[in-house]
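Engineer: Just dropping this structure here.
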Amino acid sequence: MRITLLFLLFVELPVSAKDKDTVSWWGGSVSIQPTVVVGLDHYVRMWLKQKHSFSLEGQLLHVALPVDSDAYAADYGYPTLGLGMKYSINRVTMHREKNQEWGMLEPVDNESRLGNILSIYGSFARPFFRTRRWEADYTLSLGLAYAHRKYALGDNADDEFIGSRWLIYFGAGLHATYRMARDWGLKAGVEFFHHSNGALNRPNKGANYLGPSLALVYYPYYERLLDNRIKYNPYFQRYWYMNLTLGMGAKTLDEDWQRTQFQTSPQEPDYRRSRFHVYTAYSVRADLMYRYARRWASGVGADLFYGTYSSHIAEMDAAAGVSHSPWSFGLSAKHAVFYHNLSLDMSLGYYLYREMGTSAKALEKPYYEHIGLHYTLPALRNLTVGVNIKAHLTKADFTELVISYPVKF
């Protein structure tokens with residue numbers, strides 16, 4: 001009874017003018033998530049010791065029901081939107097033993113620890129199977145986080161995961177829910193989530209978590225989601241458009257981090273420092289897109305990047321005799337997912353030209369990715385504003401603010 005009353009504090013029960021029955025669009029959930037931090041490469045596995053983490057999570061949930069005549073919701077099978085808070089209790093430790101791979105770095109006596117992290121985010125749960133008793137869905141989440149601890153030379157010198165207090169949060173999950181009562185469900189699944197600062201400071205390996213989840217869900221709207229009497233799927237006219245994008249980003253250099261960690265004497269003031277110069281990065285993109293459904297568009301694009309940090313990398317690489325240029329150019333495959341005025345933009349690209357020095361040749365490979373959350377402003381002729389993260393093999397290159405203008409054919 002106490003749990004029921006607690007949930008009802010967050011539940012709004014509006015009444016439809018078309019129906020005398022009470023209809024609720026709101027619900028909630030609480031969950032537990034035992035996870036491990038995953039070492040994705042040999043370098044991380046050399047200093048990652050304890051890996052266990054445990055998260056507590058609560059979400060406020062909202063759906064659009066068939067009675068709402070929402071075309072987007074109908075196309076997605078009536079998804080659940082969430083506003084969530086997650087507290088991750090980390091028992092993750094790190095320590096470098098003596099190893100010639102660390103260069104001039106001297107091991108410290110103590111173990112470093114990944115601090116507890118509070119995340120606040122928005123989520124989108126897309127159902128792909130639904131019956132009277134069972135529901136299956138996948139979930140995407142994006143938000144901000146705050147870390148209790150970060151890299152520090154004094155007592156946390158081996159924490160390469162987190163280099164700043166404020167972080168970006170990304171999550172994905174796959175779940176099955178058993179409806180054990182009219183308004184209640186028990187949800188089990190597997191979760192992946194990630195914390196990093198988007199290369200706005202160093203270190204920034206980013207912490208990747210993976211593990212099961214178990215949740216208690218309150219969803220008084222579930223009966224109405226099963227109402228098959230209402231069909232709403234109006235015609236959508238497909239079209240081509242050109243999306244023109246300008247971006248301005250910021251980043252710190254992995255080259256600076258590597259130099260101060262492994263190529264600097266402990267007697268020098270720059271040895272293993274935690275603050276780095278922030279450089280600007282610019283981008284221009286032109287994408288030919290085909291919107292073949294209300295919720296999807298795909299296409300190809302050309303990407304031009306300009307990095308103001310090229311001359312600094314050239315100074316560090318002077319003895320290597322390699323070429324450097326602030327310009328990079330690539331072609332990429334694009335995909336956009338729409339829900340009303342929100343869109344999730346993704347791309348996978350291949351550099352046709354990039355000369356960023358020895359570190360880039362060794363670590364970046366010729367591939368790059370970007371993912372971004374954008375919002376369309378209909379009053380400004382569908383001008384779009386958003387935030388992108390550009391990465392190499394999931395490792396952030398820079399974070400940027402973007403503005404886009406679609407030219408419809």
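Lettering and numbering for the structure tokens are positional, with chains as A, B, ... in the shown order, residues counted from 1 in each chain, and ligands counted from 1 in the shown order.
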Identify, on the basis of only C-alpha atoms, every residue whose closest approach to range 39-41 of chain A does not exceed 10 Å; exclude the query and any residue fewer than 3 positions from it along the same chain; express the result as a PyMOL selection string.
Structural biologist: chain A and resi 36+44-48+51+205+207-209
Engineer: Give me, as a tab-separated table, the closest atom pair and its distance (Å, one decimal) for every residue of range 139-231 of chain A within a cut-off of 12 Å of range 330-349 of chain A, counting only C-alpha atoms, rows sorted by chain and rising number.
Structural biologist:
```
residue	atom	partner	partner_atom	distance
A:Leu140	CA	A:Leu344	CA	10.3
A:Ser141	CA	A:Leu344	CA	11.1
A:Leu142	CA	A:Leu344	CA	10.4
```
Engineer: Taking N, CA and C atoms for each residue, export the selection above as a CSV table (one decimal), in the first residue's frame.
Structural biologist:
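Now in part-v9.csv:
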```
chain,number,residue,atom,x,y,z
A,140,LEU,N,16.8,3.7,-25.3
A,140,LEU,CA,17.9,4.6,-25.5
A,140,LEU,C,17.8,5.8,-24.5
A,141,SER,N,18.9,6.2,-23.9
A,141,SER,CA,18.9,7.3,-22.9
A,141,SER,C,20.1,8.2,-23.2
A,142,LEU,N,19.8,9.5,-22.8
A,142,LEU,CA,20.9,10.5,-23.0
A,142,LEU,C,20.7,11.6,-21.9
```
Engineer: Find the residues near Leu174 in chain A: any atom within 10 Å, counting only C-alpha atoms, skip ones fewer than 6 places away on the same chain, and give them as a list in words.
Structural biologist: Ala125, Arg126, Pro127, Ala136, Asp137, Tyr138, Thr139, Leu140, Ala188, Gly189, Val190, Glu191, Phe192, Pro212 and Ser213 of chain A
Engineer: Choose the residue, out of A:Met248, A:Leu352, A:Ala293, A:Leu216, that has the smallest atom-to-atom separation from Thr308 in chain A; count only C-alpha atoms.
Structural biologist: A:Met248
Engineer: Just want the 6 Å neighbourhood of Asp183 in chain A, counted on only C-alpha atoms, with same-chain residues fewer than 5 positions away dropped. Output as a VMD selection string.
Structural biologist: chain A and resid 218 to 220
Engineer: Mind listing the helix (DSSP H, G or I) residues of range 232-379 of chain A, per DSSP on the backbone, as a PyMOL selection string?
Structural biologist: chain A and resi 254-262+310-316+318-320+358-363+378-379
Engineer: Restricting the output to C-alpha atoms, write the selected residues as a JSON list (two decimals), in the first residue's frame.
Structural biologist:
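Resulting contents of result_9.json:
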```json
[["chain", "number", "residue", "atom", "x", "y", "z"],
["A", 254, "ASP", "CA", 45.14, 13.13, -26.31],
["A", 255, "GLU", "CA", 48.67, 14.03, -27.46],
["A", 256, "ASP", "CA", 48.99, 16.45, -24.51],
["A", 257, "TRP", "CA", 47.77, 13.78, -22.13],
["A", 258, "GLN", "CA", 50.22, 11.19, -23.44],
["A", 259, "ARG", "CA", 53.13, 13.64, -23.24],
["A", 260, "THR", "CA", 52.49, 14.70, -19.64],
["A", 261, "GLN", "CA", 51.78, 11.16, -18.46],
["A", 262, "PHE", "CA", 54.54, 9.14, -20.07],
["A", 310, "SER", "CA", 47.06, 21.12, -35.93],
["A", 311, "SER", "CA", 50.04, 23.46, -35.48],
["A", 312, "HIS", "CA", 50.46, 22.41, -31.84],
["A", 313, "ILE", "CA", 50.54, 18.73, -32.85],
["A", 314, "ALA", "CA", 53.07, 19.59, -35.59],
["A", 315, "GLU", "CA", 55.39, 21.09, -32.95],
["A", 316, "MET", "CA", 55.23, 17.91, -30.87],
["A", 318, "ALA", "CA", 58.69, 17.90, -35.32],
["A", 319, "ALA", "CA", 61.25, 15.10, -34.97],
["A", 320, "ALA", "CA", 58.99, 12.55, -36.70],
["A", 358, "THR", "CA", 51.74, 10.25, -35.64],
["A", 359, "SER", "CA", 49.24, 9.77, -32.79],
["A", 360, "ALA", "CA", 46.27, 10.12, -35.13],
["A", 361, "LYS", "CA", 47.72, 7.59, -37.55],
["A", 362, "ALA", "CA", 48.23, 5.08, -34.72],
["A", 363, "LEU", "CA", 44.98, 5.53, -32.78],
["A", 378, "PRO", "CA", 9.23, 24.93, -37.09],
["A", 379, "ALA", "CA", 8.84, 28.69, -36.64]]
```
Engineer: Could you name the residues that touch His194 in chain A at 12 Å or less, counting only C-alpha atoms, but leaving out those on the same chain fewer than 6 positions away, as a PyMOL selection string?
Structural biologist: chain A and resi 35-38+88+117+119+140-145+161-162+167-173+204-210+394-396
Engineer: How about saving the chosen residues, N, CA, C and O atoms kept, as a compact mmCIF listing (two decimals), in the first residue's frame?
Structural biologist:
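Final file, result03.txt:
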```
# COMPACT_ATOMS: atom_id res chain seq x y z
N THR A 35 26.30 -4.15 -12.17
CA THR A 35 27.05 -4.11 -13.43
C THR A 35 28.55 -4.29 -13.17
O THR A 35 29.01 -4.26 -12.03
N VAL A 36 29.27 -4.46 -14.27
CA VAL A 36 30.73 -4.42 -14.22
C VAL A 36 31.20 -3.36 -15.22
O VAL A 36 30.55 -3.10 -16.22
N VAL A 37 32.33 -2.74 -14.89
CA VAL A 37 32.97 -1.82 -15.83
C VAL A 37 33.83 -2.65 -16.78
O VAL A 37 34.64 -3.46 -16.35
N VAL A 38 33.62 -2.45 -18.07
CA VAL A 38 34.24 -3.28 -19.09
C VAL A 38 35.51 -2.62 -19.61
O VAL A 38 35.51 -1.43 -19.98
N SER A 88 25.00 5.59 -9.32
CA SER A 88 25.90 4.45 -9.50
C SER A 88 26.92 4.41 -8.37
O SER A 88 27.70 5.36 -8.18
N ILE A 117 28.58 8.14 -9.09
CA ILE A 117 28.16 9.08 -10.14
C ILE A 117 26.64 9.18 -10.16
O ILE A 117 25.93 8.16 -10.16
N SER A 119 23.42 10.43 -12.35
CA SER A 119 23.04 10.73 -13.73
C SER A 119 21.58 11.13 -13.79
O SER A 119 20.73 10.52 -13.14
N LEU A 140 16.80 3.74 -25.34
CA LEU A 140 17.93 4.63 -25.52
C LEU A 140 17.80 5.79 -24.55
O LEU A 140 16.69 6.32 -24.36
N SER A 141 18.92 6.20 -23.94
CA SER A 141 18.90 7.27 -22.94
C SER A 141 20.07 8.22 -23.18
O SER A 141 21.14 7.81 -23.63
N LEU A 142 19.85 9.50 -22.84
CA LEU A 142 20.89 10.50 -23.00
C LEU A 142 20.70 11.57 -21.93
O LEU A 142 19.57 12.00 -21.67
N GLY A 143 21.79 11.99 -21.29
CA GLY A 143 21.67 13.01 -20.26
C GLY A 143 23.02 13.48 -19.75
O GLY A 143 24.05 13.34 -20.41
N LEU A 144 23.00 14.04 -18.54
CA LEU A 144 24.19 14.57 -17.89
C LEU A 144 24.44 13.83 -16.59
O LEU A 144 23.53 13.24 -16.01
N ALA A 145 25.69 13.88 -16.11
CA ALA A 145 26.05 13.18 -14.88
C ALA A 145 27.07 14.00 -14.10
O ALA A 145 27.76 14.87 -14.67
N PHE A 161 39.57 6.80 -16.42
CA PHE A 161 38.20 6.80 -16.92
C PHE A 161 37.60 8.21 -16.92
O PHE A 161 37.03 8.65 -17.91
N ILE A 162 37.71 8.90 -15.79
CA ILE A 162 36.97 10.14 -15.58
C ILE A 162 37.93 11.27 -15.27
O ILE A 162 38.68 11.23 -14.29
N LEU A 167 29.79 15.18 -16.67
CA LEU A 167 29.95 14.15 -17.68
C LEU A 167 28.72 14.07 -18.58
O LEU A 167 27.65 14.58 -18.24
N ILE A 168 28.90 13.39 -19.70
CA ILE A 168 27.79 13.03 -20.59
C ILE A 168 27.40 11.59 -20.29
O ILE A 168 28.26 10.73 -20.08
N TYR A 169 26.09 11.34 -20.24
CA TYR A 169 25.58 9.99 -19.97
C TYR A 169 24.87 9.47 -21.21
O TYR A 169 24.07 10.18 -21.84
N PHE A 170 25.17 8.23 -21.58
CA PHE A 170 24.46 7.55 -22.67
C PHE A 170 24.14 6.14 -22.21
O PHE A 170 24.97 5.47 -21.57
N GLY A 171 22.92 5.68 -22.50
CA GLY A 171 22.53 4.33 -22.10
C GLY A 171 21.71 3.64 -23.17
O GLY A 171 21.06 4.27 -24.00
N ALA A 172 21.75 2.31 -23.16
CA ALA A 172 20.95 1.48 -24.06
C ALA A 172 20.58 0.20 -23.31
O ALA A 172 21.38 -0.30 -22.51
N GLY A 173 19.38 -0.31 -23.58
CA GLY A 173 18.95 -1.51 -22.87
C GLY A 173 17.97 -2.34 -23.68
O GLY A 173 17.33 -1.85 -24.61
N ASN A 204 40.11 10.84 -20.49
CA ASN A 204 38.75 10.62 -20.94
C ASN A 204 38.60 9.28 -21.65
O ASN A 204 38.07 9.20 -22.75
N LYS A 205 39.08 8.20 -21.02
CA LYS A 205 38.78 6.89 -21.59
C LYS A 205 37.29 6.61 -21.56
O LYS A 205 36.74 5.96 -22.44
N GLY A 206 36.61 7.11 -20.51
CA GLY A 206 35.18 6.87 -20.36
C GLY A 206 34.91 5.52 -19.73
O GLY A 206 35.59 4.53 -20.03
N ALA A 207 33.95 5.47 -18.82
CA ALA A 207 33.59 4.24 -18.13
C ALA A 207 32.40 3.59 -18.82
O ALA A 207 31.36 4.23 -19.02
N ASN A 208 32.55 2.32 -19.22
CA ASN A 208 31.49 1.55 -19.87
C ASN A 208 30.99 0.47 -18.93
O ASN A 208 31.77 -0.36 -18.47
N TYR A 209 29.69 0.47 -18.66
CA TYR A 209 29.08 -0.47 -17.72
C TYR A 209 28.17 -1.44 -18.46
O TYR A 209 27.46 -1.06 -19.40
N LEU A 210 28.16 -2.68 -18.00
CA LEU A 210 27.31 -3.71 -18.61
C LEU A 210 26.81 -4.64 -17.52
O LEU A 210 27.59 -5.08 -16.66
N THR A 394 34.43 4.83 -31.06
CA THR A 394 33.70 5.15 -29.82
C THR A 394 34.50 6.04 -28.86
O THR A 394 33.97 6.43 -27.82
N LYS A 395 35.73 6.39 -29.16
CA LYS A 395 36.51 7.28 -28.30
C LYS A 395 36.32 8.71 -28.78
O LYS A 395 36.63 9.04 -29.93
N ALA A 396 35.82 9.59 -27.91
CA ALA A 396 35.42 10.94 -28.30
C ALA A 396 36.58 11.73 -28.88
O ALA A 396 37.69 11.73 -28.33
```
Engineer: Excluding range 89-102 of chain A and residues on its chain fewer than 6 positions from it, collect all residues at most 6 Å away from it, counting only C-alpha atoms, and give them as a PyMOL selection string.
Structural biologist: chain A and resi 47-55+111-114+116+158+262
Engineer: Check the DSSP output for the backbone and give back, as an MDAnalysis selection string, the residues of range 94-188 of chain A in strand (DSSP E).
Structural biologist: chainID A and resid 94 112:113 117:130 134:147 166:179 184:188
Engineer: Which polymer residues have any atom within 10 Å of an atom of Ala391 in chain A, counting only C-alpha atoms, with same-chain residues fewer than 2 positions away left out, as a PyMOL selection string?
Structural biologist: chain A and resi 198-199+348+364+367-371+388-389+393-399
Engineer: Kindly export the residues of the current selection with C-alpha atoms, as a PDB file, in the first residue's frame.
Structural biologist:
```
ATOM      1  CA  GLY A 198      33.264  14.194 -24.570  1.00  0.00           C
ATOM      2  CA  ALA A 199      37.012  15.047 -24.786  1.00  0.00           C
ATOM      3  CA  LEU A 348      29.708   6.395 -39.877  1.00  0.00           C
ATOM      4  CA  GLU A 364      42.269   6.978 -35.005  1.00  0.00           C
ATOM      5  CA  TYR A 367      37.021   5.701 -39.558  1.00  0.00           C
ATOM      6  CA  TYR A 368      34.969   8.193 -37.559  1.00  0.00           C
ATOM      7  CA  GLU A 369      31.475   8.317 -36.084  1.00  0.00           C
ATOM      8  CA  HIS A 370      29.129  10.950 -34.787  1.00  0.00           C
ATOM      9  CA  ILE A 371      25.930  10.863 -32.780  1.00  0.00           C
ATOM     10  CA  ASN A 388      27.020  16.227 -31.562  1.00  0.00           C
ATOM     11  CA  ILE A 389      29.841  14.045 -30.342  1.00  0.00           C
ATOM     12  CA  LEU A 393      36.005   3.827 -32.616  1.00  0.00           C
ATOM     13  CA  THR A 394      33.699   5.151 -29.816  1.00  0.00           C
ATOM     14  CA  LYS A 395      36.515   7.276 -28.298  1.00  0.00           C
ATOM     15  CA  ALA A 396      35.417  10.941 -28.299  1.00  0.00           C
ATOM     16  CA  ASP A 397      37.288  13.323 -30.604  1.00  0.00           C
ATOM     17  CA  PHE A 398      35.322  16.503 -29.810  1.00  0.00           C
ATOM     18  CA  THR A 399      31.927  17.789 -28.670  1.00  0.00           C
TER      19      THR A 399
END
```
Engineer: Can you tell me how far CA of Thr376 in chain A sits from CA of Tyr350 in chain A, in Å to one decimal?
Structural biologist: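 Between CA of Thr376 in chain A and CA of Tyr350 in chain A the gap is 27.5 Å.
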Engineer: One number please: CA of Leu83 in chain A to CA of Asn201 in chain A, in Å, one decimal.
Structural biologist: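 Taking CA of Leu83 in chain A as the start and CA of Asn201 in chain A as the end point, the length is 27.4 Å.
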